[in-house]
Amino acid sequence: MSFFQAKEWWRNNADEHVGNHALAITPQNLILTATHKGIVRLFHPKGKDYAPDHLALEQSVHLPVLALALGSFLADNAAAATVALLHPRGLTVHELVQPADAAPRGGGGARHGPAPGYHALAQMYGLELERPCCNIACGPFGGADSRTDGICVQSMDGVLSIVENERVARERQLTKFLLPGPLHYSK
């Protein structure tokens, strides 16, 4: 007998590889994914199986995405929905926006713009990192402003880099390090 039961909530038979750390669910139950080919997608499921109108965003960031994280990463706009994307040698932070012209325009019910529910990624800043990256964790780390989240990047050679307010604030080398492993911040 099992106390736990898994139920399938939604299914998408995509043929692209989404890494273990490149999937997140927003507070509005939107599914955000990123691929190693650099394609970021946002899905708004309305039923159990995928339908074309579930796709709310499909945008290329032109770099492979190793991991993504949702949080509040902008010091000047802590309420904005932001996404941190980890690339092999860098980190970019994007704001998830719903353009003003996302509603139908024109008369007679004709649609001349993006469909309702369409979103876009607007890059707010990017950082080039010296070491090859592995994974990220985010949260309100010790010295960070309580309104924004910090980002911790683990490199392949065991260096933890803390990114706060659009810059690398601290770096620490892990001792007795062999291989990068899972990284998570618990509040």
# chains A, B, ... in the order shown; residues from 1 in each chain; ligands from 1
$ residues_around --residues "Met124 (chain A)" --least-positions-apart "3" --cutoff "12 Å" --atoms "only C-alpha atoms" --output "PyMOL selection string"
chain A and resi 73-77+80-85+91-97+121+127+165-166
$ residues_around --residues "Ile31 (chain A)" --least-positions-apart "3" --cutoff "6 Å" --atoms "only C-alpha atoms" --output "JSON, numbers by chain"
{"A": [24, 25, 42, 43]}
$ closest_residue --among "A:Gly139, A:Gly181, A:Gly71, A:Gly158" --to "Thr26 (chain A)" --atoms "only C-alpha atoms"
A:Gly71
$ residues_around --residues "Gly38 (chain A)" --least-positions-apart "3" --cutoff "6 Å" --atoms "only C-alpha atoms" --output "list in words"
Thr35, Ser60, Val61, His62, Leu63, Pro64 and Val65 of chain A
$ write_last_selection --atoms "N, CA and C atoms" --output "PDB file, in the first residue's frame"
ATOM      1  N   THR A  35      15.211  24.781 -23.337  1.00  0.00           N
ATOM      2  CA  THR A  35      15.913  23.649 -23.930  1.00  0.00           C
ATOM      3  C   THR A  35      17.400  23.942 -24.094  1.00  0.00           C
ATOM      4  N   SER A  60      13.556  32.304 -28.722  1.00  0.00           N
ATOM      5  CA  SER A  60      14.940  31.847 -28.703  1.00  0.00           C
ATOM      6  C   SER A  60      15.798  32.873 -27.974  1.00  0.00           C
ATOM      7  N   VAL A  61      16.674  32.394 -27.110  1.00  0.00           N
ATOM      8  CA  VAL A  61      17.625  33.272 -26.427  1.00  0.00           C
ATOM      9  C   VAL A  61      19.023  33.112 -27.021  1.00  0.00           C
ATOM     10  N   HIS A  62      19.150  32.303 -28.068  1.00  0.00           N
ATOM     11  CA  HIS A  62      20.368  32.143 -28.865  1.00  0.00           C
ATOM     12  C   HIS A  62      21.548  31.556 -28.103  1.00  0.00           C
ATOM     13  N   LEU A  63      21.317  30.974 -26.941  1.00  0.00           N
ATOM     14  CA  LEU A  63      22.347  30.280 -26.178  1.00  0.00           C
ATOM     15  C   LEU A  63      21.712  29.061 -25.525  1.00  0.00           C
ATOM     16  N   PRO A  64      22.460  27.978 -25.364  1.00  0.00           N
ATOM     17  CA  PRO A  64      21.903  26.820 -24.650  1.00  0.00           C
ATOM     18  C   PRO A  64      21.522  27.206 -23.222  1.00  0.00           C
ATOM     19  N   VAL A  65      20.420  26.658 -22.732  1.00  0.00           N
ATOM     20  CA  VAL A  65      19.970  26.933 -21.366  1.00  0.00           C
ATOM     21  C   VAL A  65      20.175  25.666 -20.537  1.00  0.00           C
TER      22      VAL A  65
END
$ closest_residue --among "A:Gln123, A:Gln5, A:Ser72, A:Thr33" --to "Glu58 (chain A)" --atoms "only C-alpha atoms"
A:Thr33
$ closest_residue --among "A:Ala51, A:Cys138, A:Leu129, A:Leu30" --to "Leu68 (chain A)" --atoms "only C-alpha atoms"
A:Cys138
$ residues_around --residues "Pro99 (chain A)" --least-positions-apart "5" --cutoff "8 Å" --atoms "only C-alpha atoms" --output "JSON, numbers by chain"
{"A": [118, 119, 120]}
$ select_by_dssp --residues "chain A" --states "strand (DSSP E or B)" --output "PyMOL selection string"
chain A and resi 11+18-25+31-35+39-43+49+55-60+67-71+82-87+90-97+120-128+133-139+150-155+159-164+167-173
$ residues_around --residues "Pro52 (chain A)" --least-positions-apart "5" --cutoff "12 Å" --atoms "only C-alpha atoms" --output "PyMOL selection string"
chain A and resi 12+42-47+57-58+115
$ write_last_selection --atoms "N, CA, C and O atoms" --output "short mmCIF file (atom, residue, chain, number, x, y, z; two decimals), in the first residue's frame"
data_model
loop_
_atom_site.label_atom_id
_atom_site.label_comp_id
_atom_site.auth_asym_id
_atom_site.auth_seq_id
_atom_site.Cartn_x
_atom_site.Cartn_y
_atom_site.Cartn_z
N ASN A 12 2.84 17.05 -22.81
CA ASN A 12 3.32 17.65 -24.04
C ASN A 12 4.38 16.72 -24.61
O ASN A 12 5.37 16.45 -23.95
N LEU A 42 6.57 29.00 -22.67
CA LEU A 42 5.65 29.15 -21.56
C LEU A 42 4.33 28.56 -22.00
O LEU A 42 3.80 28.92 -23.05
N PHE A 43 3.82 27.61 -21.21
CA PHE A 43 2.57 26.94 -21.53
C PHE A 43 1.50 27.32 -20.52
O PHE A 43 1.79 27.43 -19.33
N HIS A 44 0.29 27.49 -21.00
CA HIS A 44 -0.87 27.73 -20.15
C HIS A 44 -1.85 26.59 -20.38
O HIS A 44 -2.75 26.68 -21.20
N PRO A 45 -1.68 25.47 -19.65
CA PRO A 45 -2.52 24.30 -19.86
C PRO A 45 -3.98 24.58 -19.54
O PRO A 45 -4.30 25.19 -18.54
N LYS A 46 -4.85 24.10 -20.43
CA LYS A 46 -6.29 24.27 -20.22
C LYS A 46 -7.00 22.92 -20.23
O LYS A 46 -8.21 22.87 -20.14
N GLY A 47 -6.24 21.86 -20.40
CA GLY A 47 -6.79 20.51 -20.41
C GLY A 47 -5.66 19.53 -20.17
O GLY A 47 -4.50 19.92 -20.01
N LEU A 57 4.24 31.44 -25.00
CA LEU A 57 5.52 32.05 -25.34
C LEU A 57 6.41 31.00 -25.96
O LEU A 57 6.50 29.87 -25.48
N GLU A 58 7.07 31.36 -27.03
CA GLU A 58 8.14 30.56 -27.63
C GLU A 58 9.14 31.55 -28.16
O GLU A 58 8.87 32.28 -29.11
N ALA A 115 -1.89 36.60 -29.88
CA ALA A 115 -3.11 36.07 -29.27
C ALA A 115 -3.18 36.49 -27.81
O ALA A 115 -2.16 36.73 -27.18
#
$ residues_around --residues "Gly90 (chain A)" --least-positions-apart "2" --cutoff "12 Å" --atoms "only C-alpha atoms" --output "VMD selection string"
chain A and resid 63 to 67 84 to 88 92 to 93 125 to 136 153 to 155 161 163 167 to 168
$ write_last_selection --atoms "N, CA, C and O atoms" --output "short mmCIF file (atom, residue, chain, number, x, y, z; two decimals), in the first residue's frame"
data_model
loop_
_atom_site.label_atom_id
_atom_site.label_comp_id
_atom_site.auth_asym_id
_atom_site.auth_seq_id
_atom_site.Cartn_x
_atom_site.Cartn_y
_atom_site.Cartn_z
N LEU A 63 21.32 30.97 -26.94
CA LEU A 63 22.35 30.28 -26.18
C LEU A 63 21.71 29.06 -25.52
O LEU A 63 20.54 29.11 -25.14
N PRO A 64 22.46 27.98 -25.36
CA PRO A 64 21.90 26.82 -24.65
C PRO A 64 21.52 27.21 -23.22
O PRO A 64 22.21 27.99 -22.58
N VAL A 65 20.42 26.66 -22.73
CA VAL A 65 19.97 26.93 -21.37
C VAL A 65 20.17 25.67 -20.54
O VAL A 65 19.61 24.62 -20.84
N LEU A 66 21.00 25.78 -19.50
CA LEU A 66 21.28 24.65 -18.61
C LEU A 66 20.26 24.55 -17.48
O LEU A 66 19.92 23.47 -17.04
N ALA A 67 19.81 25.72 -17.00
CA ALA A 67 18.86 25.75 -15.88
C ALA A 67 18.11 27.07 -15.92
O ALA A 67 18.56 28.04 -16.51
N ALA A 84 15.63 33.77 -14.35
CA ALA A 84 17.08 33.68 -14.51
C ALA A 84 17.37 32.46 -15.38
O ALA A 84 16.87 31.36 -15.10
N LEU A 85 18.15 32.67 -16.44
CA LEU A 85 18.54 31.58 -17.34
C LEU A 85 20.04 31.37 -17.22
O LEU A 85 20.82 32.32 -17.37
N LEU A 86 20.45 30.15 -16.93
CA LEU A 86 21.87 29.81 -16.82
C LEU A 86 22.35 29.24 -18.14
O LEU A 86 21.76 28.29 -18.67
N HIS A 87 23.41 29.81 -18.65
CA HIS A 87 24.03 29.38 -19.91
C HIS A 87 25.39 28.76 -19.58
O HIS A 87 25.88 28.89 -18.45
N PRO A 88 26.04 28.09 -20.52
CA PRO A 88 27.32 27.44 -20.21
C PRO A 88 28.37 28.36 -19.61
O PRO A 88 29.16 27.94 -18.77
N THR A 92 21.68 35.16 -17.63
CA THR A 92 20.86 36.28 -18.08
C THR A 92 19.58 36.31 -17.24
O THR A 92 19.08 35.26 -16.83
N VAL A 93 19.09 37.51 -16.99
CA VAL A 93 17.85 37.69 -16.25
C VAL A 93 16.87 38.41 -17.17
O VAL A 93 17.20 39.43 -17.76
N TYR A 125 19.31 42.06 -17.84
CA TYR A 125 20.77 42.14 -17.76
C TYR A 125 21.36 40.76 -18.00
O TYR A 125 20.67 39.74 -17.96
N GLY A 126 22.64 40.75 -18.29
CA GLY A 126 23.37 39.50 -18.50
C GLY A 126 24.76 39.62 -17.91
O GLY A 126 25.34 40.70 -17.87
N LEU A 127 25.28 38.52 -17.44
CA LEU A 127 26.63 38.47 -16.87
C LEU A 127 27.42 37.36 -17.54
O LEU A 127 26.91 36.25 -17.71
N GLU A 128 28.64 37.66 -17.93
CA GLU A 128 29.55 36.62 -18.39
C GLU A 128 30.30 36.12 -17.17
O GLU A 128 30.79 36.91 -16.37
N LEU A 129 30.37 34.80 -17.02
CA LEU A 129 31.05 34.21 -15.88
C LEU A 129 32.34 33.55 -16.34
O LEU A 129 32.43 33.04 -17.46
N GLU A 130 33.35 33.57 -15.47
CA GLU A 130 34.68 33.08 -15.83
C GLU A 130 34.75 31.56 -15.95
O GLU A 130 35.56 31.03 -16.70
N ARG A 131 33.92 30.87 -15.21
CA ARG A 131 34.00 29.41 -15.14
C ARG A 131 32.79 28.77 -15.83
O ARG A 131 31.72 29.35 -15.88
N PRO A 132 32.96 27.53 -16.32
CA PRO A 132 31.81 26.83 -16.90
C PRO A 132 30.77 26.53 -15.82
O PRO A 132 31.09 26.05 -14.74
N CYS A 133 29.52 26.83 -16.13
CA CYS A 133 28.43 26.74 -15.14
C CYS A 133 27.81 25.35 -15.12
O CYS A 133 27.83 24.63 -16.11
N CYS A 134 27.20 25.02 -13.99
CA CYS A 134 26.51 23.74 -13.84
C CYS A 134 25.05 23.92 -13.46
O CYS A 134 24.17 23.45 -14.16
N ASN A 135 24.77 24.60 -12.34
CA ASN A 135 23.38 24.78 -11.91
C ASN A 135 23.24 26.02 -11.05
O ASN A 135 24.23 26.66 -10.70
N ILE A 136 21.98 26.35 -10.70
CA ILE A 136 21.71 27.55 -9.91
C ILE A 136 20.69 27.25 -8.82
O ILE A 136 19.92 26.29 -8.91
N VAL A 153 25.30 30.51 -8.35
CA VAL A 153 25.70 29.72 -9.51
C VAL A 153 26.82 28.78 -9.08
O VAL A 153 27.83 29.21 -8.53
N GLN A 154 26.62 27.49 -9.32
CA GLN A 154 27.66 26.50 -9.03
C GLN A 154 28.39 26.19 -10.33
O GLN A 154 27.77 25.85 -11.34
N SER A 155 29.72 26.32 -10.31
CA SER A 155 30.50 26.04 -11.51
C SER A 155 30.94 24.57 -11.53
O SER A 155 30.83 23.86 -10.53
N SER A 161 29.21 31.20 -6.94
CA SER A 161 29.18 32.64 -7.19
C SER A 161 27.80 33.16 -6.82
O SER A 161 26.79 32.66 -7.32
N VAL A 163 25.18 36.07 -7.09
CA VAL A 163 24.83 37.23 -7.91
C VAL A 163 23.71 37.98 -7.20
O VAL A 163 22.66 37.41 -6.92
N ARG A 167 25.23 41.99 -10.26
CA ARG A 167 26.69 41.81 -10.23
C ARG A 167 27.04 40.60 -9.36
O ARG A 167 26.24 40.16 -8.55
N VAL A 168 28.24 40.08 -9.58
CA VAL A 168 28.73 38.98 -8.74
C VAL A 168 29.20 39.58 -7.43
O VAL A 168 30.16 40.36 -7.40
#
$ closest_residue --among "A:Lys176, A:Arg170, A:His21, A:Arg89" --to "Ile151 (chain A)" --atoms "only C-alpha atoms"
A:Arg170
$ atom_distance --atom1 "CA of His54 (chain A)" --atom2 "CA of Val18 (chain A)"
17.7 Å
$ closest_residue --among "A:Ala169, A:Leu55, A:Met156, A:Ala69" --to "His184 (chain A)" --atoms "only C-alpha atoms"
A:Ala69
$ select_by_dssp --residues "region 32-132 of chain A" --states "helix (DSSP H, G or I)" --output "list in words"
Pro52, Asp53, His54, Ala100, Asp101 and Ala102 of chain A
$ atom_distance --atom1 "CA of Lys37 (chain A)" --atom2 "CA of Ala122 (chain A)"
18.5 Å
$ atom_distance --atom1 "CA of Asp157 (chain A)" --atom2 "CA of Leu174 (chain A)"
8.7 Å
